[in-house]
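Inspection log for the structure reproduced underneath, given as structure tokens.
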Amino acid sequence: MSETENPGTGSSRAGILDEVLVLSGGFSEADRSLVREHLSTLEAHLSRWDPADVTVEVSVKDRGSREQQVTLRAELPGLPPLVAKVVDPDLDSALASAKRQLIRQVEDEKAKREPKSNRHLRNKPT
């Protein structure tokens, strides 16, 4: 695994998604490049964690039907399991929407744990 320095955002692990992505329920290894492409911007949000401690699972139910449901589940250290579900007949659109939901959840959870966003975590003045 190579690490690259990303100005302004700190350390970023290139390719973390390749290490942590699990395809299940309706996806096969043949779909990996398609899914990887749609979820690529998720990497910046995962790079703060060690890949050994991270799992991102993507599945699709009723693939190809009008009611297909994409589920994106992330297990990240120190956070509760995060789950994004999207029903959309267009697979590309469903993957993109699920990714946006998951990113929002990751950012919301991180904000809850930052002192500036949580008065209980702020240093008390002396």
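Chain identifiers are assigned as A, B, and so on, following the order in which chains appear in the structure tokens; residues are numbered from 1 within each chain, and ligands are numbered from 1 in order of appearance.
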Next item on the list: Once DSSP has gone over the backbone, tell me which residues of stretch 22-89 of chain A are in helix (DSSP H, G or I), as a PyMOL selection string.
Entry: chain A and resi 29-46+51-53
Next item on the list: Can you pull out every residue within 10 Å of stretch 63-77 of chain A, counting only C-alpha atoms, but drop anything in the same chain fewer than 3 positions away, and send it as a PyMOL selection string?
Entry: chain A and resi 20-27+39+46+49-51+53-60+80-99+101-102+105-106
Check: Hey, can you check how far atom CA of A:Glu114 sits from atom CA of A:Gly78?
Finding: 12.8 Å
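Taking atom CA of A:Asp31 and atom CA of A:Glu107 as endpoints, the distance between them is 27.2 Å.
When atom CA of A:Ala30 is paired with atom CA of A:Arg104, their separation reads 28.1 Å.
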